[in-house]
Amino acid sequence: MSFTDYTVLVEIKRPDTRIFRSGGGARAGTRSFSPEFMSAVSQILEQKAEWSGFAGTGEHFSRDGARQLEARTRNAKTILVIGSRSEFEEAADLREARVMRDTFELFRRETSSIDIVTFDEILEWGRFITRDEVQ
């Protein structure tokens, strides 16, 4: 996908993909990410590495080889769309819900090479954008 003349890699999972493992934390005050979530993160990182290697060859062509692609790659932006924040509301209590929200947000901020967003965040952004245009 290309929003500009530079590459953007987008991996879209399902809205019901679990972000955290069921059944509590790994240690006191923590939560473990689900295998599906960690696999998605690994997958998009591998795609970025593969795309960077591909880009290094200078061979930017469509899959069928019929046309040359104009998008350029310089540290491709990566976006992972996965899960829903409503999962945090399923926590056993308010403390656990806060731990889940904080853990997820810290992970997103520390994983600076991937923009990780949930489906409900995209929906909220869309509603915000269309509300502003209607008024």
# chains A, B, ... in the order shown; residues from 1 in each chain; ligands from 1

call {"tool": "residues_around", "arguments": {"residues": "stretch 95-108 of chain A", "least_positions_apart": "2", "cutoff": "9 Å", "atoms": "only C-alpha atoms", "output": "list of chain:residue names"}}
result
A:Ile19, A:Phe20, A:Gly24, A:Gly25, A:Gly29, A:Thr30, A:Arg31, A:Phe33, A:Arg85, A:Glu87, A:Phe88, A:Glu89, A:Glu90, A:Ala91, A:Ala92, A:Asp93, A:Glu110, A:Thr111, A:Ser112, A:Ile114, A:Asp115, A:Ile116, A:Val117
